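Novice: One file: coords-v1.tsv (TSV, C-alpha atoms).
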chain	number	residue	atom	x	y	z
U	1	MET	CA	0.00	0.00	0.00
U	2	THR	CA	1.19	3.54	-0.76
U	3	ASP	CA	1.92	6.18	1.88
U	4	GLN	CA	-1.26	8.05	0.90
U	5	THR	CA	0.58	11.37	0.54
U	6	PRO	CA	-1.78	13.42	-1.67
U	7	SER	CA	-0.73	13.51	-5.33
U	8	VAL	CA	-1.66	15.75	-8.25
U	9	LEU	CA	-1.52	14.97	-11.97
U	10	GLU	CA	-1.68	18.26	-13.86
U	11	ILE	CA	-2.14	18.52	-17.63
U	12	LYS	CA	-1.85	22.01	-19.10
U	13	ASP	CA	-2.60	23.11	-22.67
U	14	LEU	CA	-1.51	19.72	-24.02
U	15	HIS	CA	-1.11	19.38	-27.80
U	16	VAL	CA	-0.26	15.97	-29.25
U	17	ASP	CA	0.46	14.73	-32.78
U	18	VAL	CA	0.25	11.09	-33.83
U	19	ALA	CA	2.67	9.64	-36.39
U	20	GLN	CA	1.10	8.00	-39.44
U	21	THR	CA	2.12	4.59	-40.78
U	22	ASP	CA	3.47	6.29	-43.90
U	23	GLU	CA	6.75	7.83	-42.72
U	24	ASN	CA	6.49	10.56	-45.36
U	25	ALA	CA	3.03	11.65	-44.26
U	26	GLU	CA	2.57	14.56	-41.89
U	27	PRO	CA	1.60	13.62	-38.30
U	28	ILE	CA	-2.06	14.07	-37.40
U	29	HIS	CA	-2.84	16.77	-34.82
U	30	ILE	CA	-5.08	15.01	-32.29
U	31	LEU	CA	-5.01	16.84	-28.95
U	32	LYS	CA	-5.62	20.56	-29.24
U	33	GLY	CA	-5.11	22.06	-25.82
U	34	VAL	CA	-6.19	19.73	-23.01
U	35	ASN	CA	-6.36	21.08	-19.45
U	36	LEU	CA	-7.08	18.68	-16.63
U	37	THR	CA	-6.10	18.21	-12.96
U	38	VAL	CA	-6.59	14.89	-11.14
U	39	ARG	CA	-5.92	14.68	-7.39
U	40	SER	CA	-5.66	11.77	-4.98
U	41	GLY	CA	-9.04	10.35	-4.08
U	42	GLU	CA	-10.80	11.88	-7.09
U	43	THR	CA	-12.45	9.99	-9.92
U	44	HIS	CA	-12.68	11.83	-13.24
U	45	ALA	CA	-14.64	10.32	-16.12
U	46	ILE	CA	-13.70	11.42	-19.64
U	47	MET	CA	-16.49	10.69	-22.09
U	48	GLY	CA	-16.65	11.37	-25.80
U	49	PRO	CA	-17.43	9.90	-29.20
U	50	ASN	CA	-15.09	7.66	-31.19
U	51	GLY	CA	-12.08	9.48	-32.61
U	52	SER	CA	-12.26	12.41	-30.21
U	53	GLY	CA	-8.77	11.79	-28.81
U	54	LYS	CA	-9.55	10.18	-25.44
U	55	SER	CA	-7.12	7.27	-25.86
U	56	THR	CA	-4.48	9.61	-27.29
U	57	LEU	CA	-4.57	11.47	-23.97
U	58	SER	CA	-3.91	8.26	-22.04
U	59	TYR	CA	-1.04	7.20	-24.30
U	60	ALA	CA	0.55	10.64	-24.17
U	61	VAL	CA	0.54	10.60	-20.36
U	62	ALA	CA	1.97	7.06	-20.33
U	63	GLY	CA	4.72	7.96	-22.82
U	64	HIS	CA	3.87	5.92	-25.92
U	65	PRO	CA	6.53	6.79	-28.54
U	66	LYS	CA	3.98	7.09	-31.35
U	67	TYR	CA	2.37	10.09	-29.64
U	68	GLN	CA	4.41	13.30	-29.81
U	69	VAL	CA	3.70	16.12	-27.38
U	70	THR	CA	4.22	19.32	-29.41
U	71	SER	CA	3.39	21.78	-26.64
U	72	GLY	CA	1.95	21.94	-23.14
U	73	SER	CA	2.97	20.15	-19.97
U	74	ILE	CA	2.22	17.11	-17.82
U	75	THR	CA	3.39	17.07	-14.21
U	76	LEU	CA	2.98	14.63	-11.33
U	77	ASP	CA	3.50	16.23	-7.93
U	78	GLY	CA	5.35	19.04	-9.68
U	79	GLU	CA	7.77	16.71	-11.50
U	80	ASP	CA	7.95	16.96	-15.30
U	81	VAL	CA	6.43	13.73	-16.62
U	82	LEU	CA	7.49	14.49	-20.19
U	83	GLU	CA	11.13	14.27	-19.16
U	84	MET	CA	10.60	10.73	-17.81
U	85	SER	CA	10.96	7.46	-19.70
U	86	VAL	CA	7.99	5.08	-19.72
U	87	ASP	CA	9.35	2.99	-16.84
U	88	GLU	CA	10.23	6.13	-14.86
U	89	ARG	CA	6.61	7.26	-15.19
U	90	ALA	CA	5.46	3.93	-13.78
U	91	ARG	CA	7.91	4.16	-10.88
U	92	ALA	CA	6.77	7.74	-10.22
U	93	GLY	CA	3.23	6.41	-9.68
U	94	LEU	CA	1.42	6.53	-13.03
U	95	PHE	CA	-0.54	3.49	-14.20
U	96	LEU	CA	-2.26	2.87	-17.54
U	97	ALA	CA	-4.81	0.11	-18.11
U	98	MET	CA	-5.00	-0.08	-21.89
U	99	GLN	CA	-8.10	-0.56	-24.02
U	100	TYR	CA	-6.34	-3.40	-25.85
U	101	PRO	CA	-3.80	-5.02	-23.48
U	102	VAL	CA	-0.86	-6.55	-25.33
U	103	GLU	CA	0.12	-10.22	-25.27
U	104	VAL	CA	3.57	-11.16	-23.95
U	105	PRO	CA	4.26	-14.74	-25.10
U	106	GLY	CA	6.75	-16.69	-23.01
U	107	VAL	CA	6.41	-14.51	-19.90
U	108	SER	CA	4.20	-15.95	-17.17
U	109	MET	CA	1.75	-13.70	-15.38
U	110	SER	CA	3.35	-14.51	-12.02
U	111	ASN	CA	6.83	-13.50	-13.23
U	112	PHE	CA	5.49	-10.40	-14.94
U	113	LEU	CA	3.64	-9.21	-11.83
U	114	ARG	CA	6.60	-9.76	-9.50
U	115	THR	CA	9.00	-8.05	-11.91
U	116	ALA	CA	6.62	-5.08	-12.21
U	117	ALA	CA	6.19	-4.86	-8.44
U	118	THR	CA	9.96	-5.01	-7.95
U	119	ALA	CA	10.50	-2.19	-10.45
U	120	VAL	CA	7.83	0.04	-8.90
U	121	ARG	CA	8.69	-0.66	-5.25
U	122	GLY	CA	12.44	-0.50	-5.72
U	123	GLU	CA	13.02	-3.94	-4.20
U	124	ALA	CA	11.71	-7.45	-4.71
U	125	PRO	CA	8.73	-8.23	-2.49
U	126	LYS	CA	9.43	-10.97	0.04
U	127	LEU	CA	8.21	-14.15	-1.60
U	128	ARG	CA	6.01	-15.47	1.20
U	129	HIS	CA	4.19	-12.16	1.61
U	130	TRP	CA	4.01	-11.69	-2.17
U	131	VAL	CA	2.37	-15.08	-2.78
U	132	LYS	CA	-0.25	-14.26	-0.15
U	133	GLU	CA	-0.79	-10.78	-1.62
U	134	VAL	CA	-1.24	-12.10	-5.17
U	135	LYS	CA	-3.55	-14.91	-4.06
U	136	GLY	CA	-5.79	-12.47	-2.21
U	137	ALA	CA	-5.90	-10.05	-5.15
U	138	MET	CA	-6.75	-12.89	-7.56
U	139	THR	CA	-9.52	-14.10	-5.30
U	140	ASP	CA	-11.01	-10.60	-5.15
U	141	LEU	CA	-11.16	-10.52	-8.96
U	142	ASP	CA	-12.39	-14.12	-9.43
U	143	ILE	CA	-9.15	-15.04	-11.24
U	144	ASP	CA	-8.22	-18.72	-11.27
U	145	PRO	CA	-4.78	-19.14	-9.58
U	146	ALA	CA	-3.75	-21.30	-12.56
U	147	PHE	CA	-3.66	-18.10	-14.63
U	148	GLY	CA	-0.41	-17.24	-12.89
U	149	GLU	CA	1.45	-19.75	-15.04
U	150	ARG	CA	-0.07	-18.64	-18.34
U	151	SER	CA	1.74	-16.22	-20.63
U	152	VAL	CA	0.64	-12.62	-20.13
U	153	ASN	CA	-2.69	-12.07	-21.93
U	154	GLU	CA	-1.96	-14.86	-24.46
U	155	GLY	CA	-5.23	-16.53	-25.35
U	156	PHE	CA	-7.07	-14.50	-22.71
U	157	SER	CA	-10.64	-13.41	-23.34
U	158	GLY	CA	-11.42	-9.70	-23.25
U	159	GLY	CA	-12.75	-10.03	-19.71
U	160	GLU	CA	-9.69	-11.96	-18.56
U	161	LYS	CA	-7.36	-9.30	-19.97
U	162	LYS	CA	-9.25	-6.53	-18.18
U	163	ARG	CA	-9.21	-8.44	-14.87
U	164	HIS	CA	-5.46	-8.86	-15.28
U	165	GLU	CA	-5.08	-5.10	-15.76
U	166	ILE	CA	-7.03	-4.42	-12.56
U	167	LEU	CA	-5.00	-7.12	-10.79
U	168	GLN	CA	-1.89	-5.09	-11.65
U	169	LEU	CA	-3.61	-1.95	-10.36
U	170	GLY	CA	-4.29	-3.63	-7.03
U	171	LEU	CA	-0.72	-4.92	-6.66
U	172	LEU	CA	1.27	-1.92	-7.89
U	173	HIS	CA	-0.56	0.77	-5.85
U	174	PRO	CA	-0.02	3.71	-8.23
U	175	LYS	CA	-0.70	7.32	-7.28
U	176	ILE	CA	-2.81	7.98	-10.38
U	177	ALA	CA	-4.56	5.31	-12.49
U	178	ILE	CA	-5.61	5.95	-16.09
U	179	LEU	CA	-8.20	3.41	-17.19
U	180	ASP	CA	-8.78	3.46	-20.95
U	181	GLU	CA	-12.09	1.85	-21.97
U	182	THR	CA	-11.87	-0.65	-19.11
U	183	ASP	CA	-15.51	-1.57	-19.72
U	184	SER	CA	-14.90	-2.46	-23.39
U	185	GLY	CA	-16.01	-6.01	-24.20
U	186	LEU	CA	-17.05	-6.92	-20.65
U	187	ASP	CA	-20.23	-8.80	-19.82
U	188	VAL	CA	-22.29	-7.69	-16.83
U	189	ASP	CA	-20.58	-9.99	-14.31
U	190	ALA	CA	-17.05	-9.09	-15.44
U	191	LEU	CA	-17.95	-5.39	-15.43
U	192	ARG	CA	-19.10	-5.66	-11.82
U	193	VAL	CA	-15.97	-7.53	-10.69
U	194	VAL	CA	-13.61	-5.15	-12.50
U	195	SER	CA	-15.45	-2.10	-11.15
U	196	GLU	CA	-15.22	-3.48	-7.61
U	197	GLY	CA	-11.46	-3.82	-8.14
U	198	VAL	CA	-11.20	-0.17	-9.19
U	199	ASN	CA	-13.29	0.96	-6.22
U	200	ARG	CA	-11.14	-1.15	-3.90
U	201	TYR	CA	-8.00	0.59	-5.23
U	202	LYS	CA	-9.51	4.02	-4.65
U	203	GLU	CA	-10.57	3.16	-1.11
U	204	THR	CA	-7.34	1.36	-0.14
U	205	ASP	CA	-4.77	3.58	-1.84
U	206	HIS	CA	-6.74	6.84	-2.01
U	207	GLY	CA	-5.58	6.96	-5.62
U	208	GLY	CA	-6.70	9.36	-8.30
U	209	ILE	CA	-8.57	7.82	-11.22
U	210	LEU	CA	-8.93	9.02	-14.80
U	211	LEU	CA	-11.63	6.82	-16.32
U	212	ILE	CA	-11.99	7.00	-20.11
U	213	THR	CA	-15.20	5.55	-21.50
U	214	HIS	CA	-17.81	5.80	-24.25
U	215	TYR	CA	-20.70	4.57	-22.18
U	216	THR	CA	-22.32	5.39	-18.87
U	217	ARG	CA	-22.89	1.75	-17.87
U	218	ILE	CA	-19.59	1.53	-15.93
U	219	LEU	CA	-20.60	4.68	-14.05
U	220	ARG	CA	-23.34	2.63	-12.36
U	221	TYR	CA	-20.53	0.88	-10.48
U	222	ILE	CA	-17.74	3.50	-10.41
U	223	HIS	CA	-19.07	6.88	-9.34
U	224	PRO	CA	-17.06	9.87	-10.59
U	225	GLU	CA	-17.04	13.20	-8.83
U	226	PHE	CA	-16.15	14.90	-12.12
U	227	VAL	CA	-17.29	14.24	-15.70
U	228	HIS	CA	-15.59	15.80	-18.73
U	229	VAL	CA	-16.90	15.79	-22.30
U	230	PHE	CA	-14.14	15.26	-24.86
U	231	VAL	CA	-14.74	16.39	-28.45
U	232	ASP	CA	-12.26	17.08	-31.25
U	233	GLY	CA	-9.15	16.80	-29.12
U	234	ARG	CA	-10.14	18.91	-26.14
U	235	ILE	CA	-12.41	19.03	-23.11
U	236	VAL	CA	-15.44	21.08	-24.13
U	237	GLU	CA	-17.45	20.87	-20.91
U	238	SER	CA	-16.96	19.67	-17.33
U	239	GLY	CA	-19.43	18.99	-14.57
U	240	GLY	CA	-20.61	16.49	-12.00
U	241	PRO	CA	-22.34	13.12	-12.39
U	242	GLU	CA	-25.40	14.84	-13.83
U	243	LEU	CA	-23.41	15.52	-17.00
U	244	ALA	CA	-23.09	11.77	-17.56
U	245	ASP	CA	-26.87	11.46	-17.18
U	246	GLU	CA	-27.33	14.06	-19.91
U	247	LEU	CA	-24.96	12.17	-22.22
U	248	GLU	CA	-26.87	8.94	-21.58
U	249	GLU	CA	-30.13	10.64	-22.51
U	250	LYS	CA	-29.10	12.96	-25.34
U	251	GLY	CA	-25.69	11.82	-26.60
U	252	TYR	CA	-22.86	14.05	-27.79
U	253	VAL	CA	-24.66	15.99	-30.56
U	254	ARG	CA	-24.94	19.27	-28.62
U	255	PHE	CA	-21.23	19.26	-27.82
U	256	GLN	CA	-20.16	18.20	-31.31
U	257	GLN	CA	-22.20	21.01	-32.88
U	258	ALA	CA	-20.77	23.57	-30.47
U	259	ALA	CA	-17.22	22.36	-31.19
U	260	ALA	CA	-17.83	22.56	-34.96
U	261	GLN	CA	-19.16	26.11	-34.68
U	262	GLY	CA	-16.17	27.15	-32.59
U	263	ALA	CA	-13.64	25.57	-34.94
Please express the file's structure as structure tokens.

Specialist:
Amino acid sequence: MTDQTPSVLEIKDLHVDVAQTDENAEPIHILKGVNLTVRSGETHAIMGPNGSGKSTLSYAVAGHPKYQVTSGSITLDGEDVLEMSVDERARAGLFLAMQYPVEVPGVSMSNFLRTAATAVRGEAPKLRHWVKEVKGAMTDLDIDPAFGERSVNEGFSGGEKKRHEILQLGLLHPKIAILDETDSGLDVDALRVVSEGVNRYKETDHGGILLITHYTRILRYIHPEFVHVFVDGRIVESGGPELADELEEKGYVRFQQAAAQGA
């Protein structure tokens, strides 16, 4: 468990380009001035239509090399995140649960988790305590202990991959967790279990959560204090949970029209 010292992730006027597959093609300008502050103990939901740049925001914070920050800043507790390598960001306390978790053939889940915990904590967890910790976390997420010997995400269903991401969240105790489309492809039971894992992290670690989603269904289980509407590479409106209710009822049309008129 973390020391629960309050943390702040601050994103200011962030502009991000994405490289195209054709090396000769100009990068695509995706993020167009994002401002967002996430503090310990807060849950922020970012909602928006497909192609609005929500996932680009998560990858830019995590340090994916395909996503180039052209201007703006990202800081964690006043430290410049953009100056950090990907693994330094993880050690500093940032966590990203990806929409499409990658497969790592030949690396068992148990080895992967212990290696990750060692990197983040700065020392290898004592084996006896670690085994107990992992077993308890797996039980909480209804993960079969046999999964520990399977290669990371290889042959996993969508629900299994997402549970594995939340298992990492529960074991690594980050300061700020970015959850990108965590509800994607989950049935009702898996959605409930995964959401309980996220809520457990917030309660236990007092972590800050940035929850990126298309749909309000996950918000029945994870209750954000703040909701932000993301359209055309920027946040166009922020509010409380009532904003999610409006999106459920009326969709994004009002915000898309306003963004088009302001372009």

Novice: Identify which of the residues U:Val102, U:Leu171, U:Ala259, U:Ala137 lies closest to Thr118 (chain U), counting all atoms listed in the file when measuring atom-to-atom distances.

Specialist: U:Leu171

Novice: Could you check the closest approach to Ala177 (chain U) for each of U:His228, U:Lys202, U:Arg121, U:Arg192 and tell me which residue wins, using only C-alpha atoms?

Specialist: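 Of the candidates, the smallest distance to Ala177 (chain U) is held by U:Lys202.
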
Novice: Could you check which residues have any atom within 7 Å of (-9.6, 17.7, -25.0), counting only C-alpha atoms with coordinates taken straight from the file, and then list them as JSON, numbers by chain?

Specialist: {"U": [31, 32, 33, 34, 230, 231, 232, 233, 234, 235, 236]}

Novice: Write out the residues from the selection above, keeping C-alpha atoms, as a compact mmCIF listing (two decimals), in the coordinates of the input.

Specialist:
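Here's the written file again06.txt:
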# COMPACT_ATOMS: atom_id res chain seq x y z
CA LEU U 31 -5.01 16.84 -28.95
CA LYS U 32 -5.62 20.56 -29.24
CA GLY U 33 -5.11 22.06 -25.82
CA VAL U 34 -6.19 19.73 -23.01
CA PHE U 230 -14.14 15.26 -24.86
CA VAL U 231 -14.74 16.39 -28.45
CA ASP U 232 -12.26 17.08 -31.25
CA GLY U 233 -9.15 16.80 -29.12
CA ARG U 234 -10.14 18.91 -26.14
CA ILE U 235 -12.41 19.03 -23.11
CA VAL U 236 -15.44 21.08 -24.13

Novice: Would you list the residues near (-8.0, -15.8, -19.3), meaning any protein, DNA or RNA residue with an atom at most 12 Å from that point in file coordinates, counting all atoms listed in the file, as a list in words?

Specialist: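 The distance filter leaves exactly Glu103, Met109, Asp142, Ile143, Asp144, Pro145, Ala146, Phe147, Gly148, Glu149, Arg150, Ser151, Val152, Asn153, Glu154, Gly155, Phe156, Ser157, Gly158, Gly159, Glu160, Lys161, Lys162, Arg163, His164, Glu165 and Ala190 of chain U.
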
Novice: Once you have the residues from the selection above, write them out as a compact mmCIF listing (two decimals), keeping the file's coordinate frame, restricted to C-alpha atoms.

Specialist:
# COMPACT_ATOMS: atom_id res chain seq x y z
CA GLU U 103 0.12 -10.22 -25.27
CA MET U 109 1.75 -13.70 -15.38
CA ASP U 142 -12.39 -14.12 -9.43
CA ILE U 143 -9.15 -15.04 -11.24
CA ASP U 144 -8.22 -18.72 -11.27
CA PRO U 145 -4.78 -19.14 -9.58
CA ALA U 146 -3.75 -21.30 -12.56
CA PHE U 147 -3.66 -18.10 -14.63
CA GLY U 148 -0.41 -17.24 -12.89
CA GLU U 149 1.45 -19.75 -15.04
CA ARG U 150 -0.07 -18.64 -18.34
CA SER U 151 1.74 -16.22 -20.63
CA VAL U 152 0.64 -12.62 -20.13
CA ASN U 153 -2.69 -12.07 -21.93
CA GLU U 154 -1.96 -14.86 -24.46
CA GLY U 155 -5.23 -16.53 -25.35
CA PHE U 156 -7.07 -14.50 -22.71
CA SER U 157 -10.64 -13.41 -23.34
CA GLY U 158 -11.42 -9.70 -23.25
CA GLY U 159 -12.75 -10.03 -19.71
CA GLU U 160 -9.69 -11.96 -18.56
CA LYS U 161 -7.36 -9.30 -19.97
CA LYS U 162 -9.25 -6.53 -18.18
CA ARG U 163 -9.21 -8.44 -14.87
CA HIS U 164 -5.46 -8.86 -15.28
CA GLU U 165 -5.08 -5.10 -15.76
CA ALA U 190 -17.05 -9.09 -15.44

Novice: Give me, please, the distance in Å between CA of Asp87 (chain U) and CA of Leu141 (chain U), quoted to one decimal.

Specialist: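 Straight-line distance from CA of Asp87 (chain U) to CA of Leu141 (chain U) works out to 25.8 Å.
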
Novice: Between U:Met138, U:Leu113, U:Ala119, U:Val198, single out the one closest to Ile178 (chain U), counting all atoms listed in the file.

Specialist: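 The shortest atom-to-atom distance to Ile178 (chain U) comes from U:Val198.
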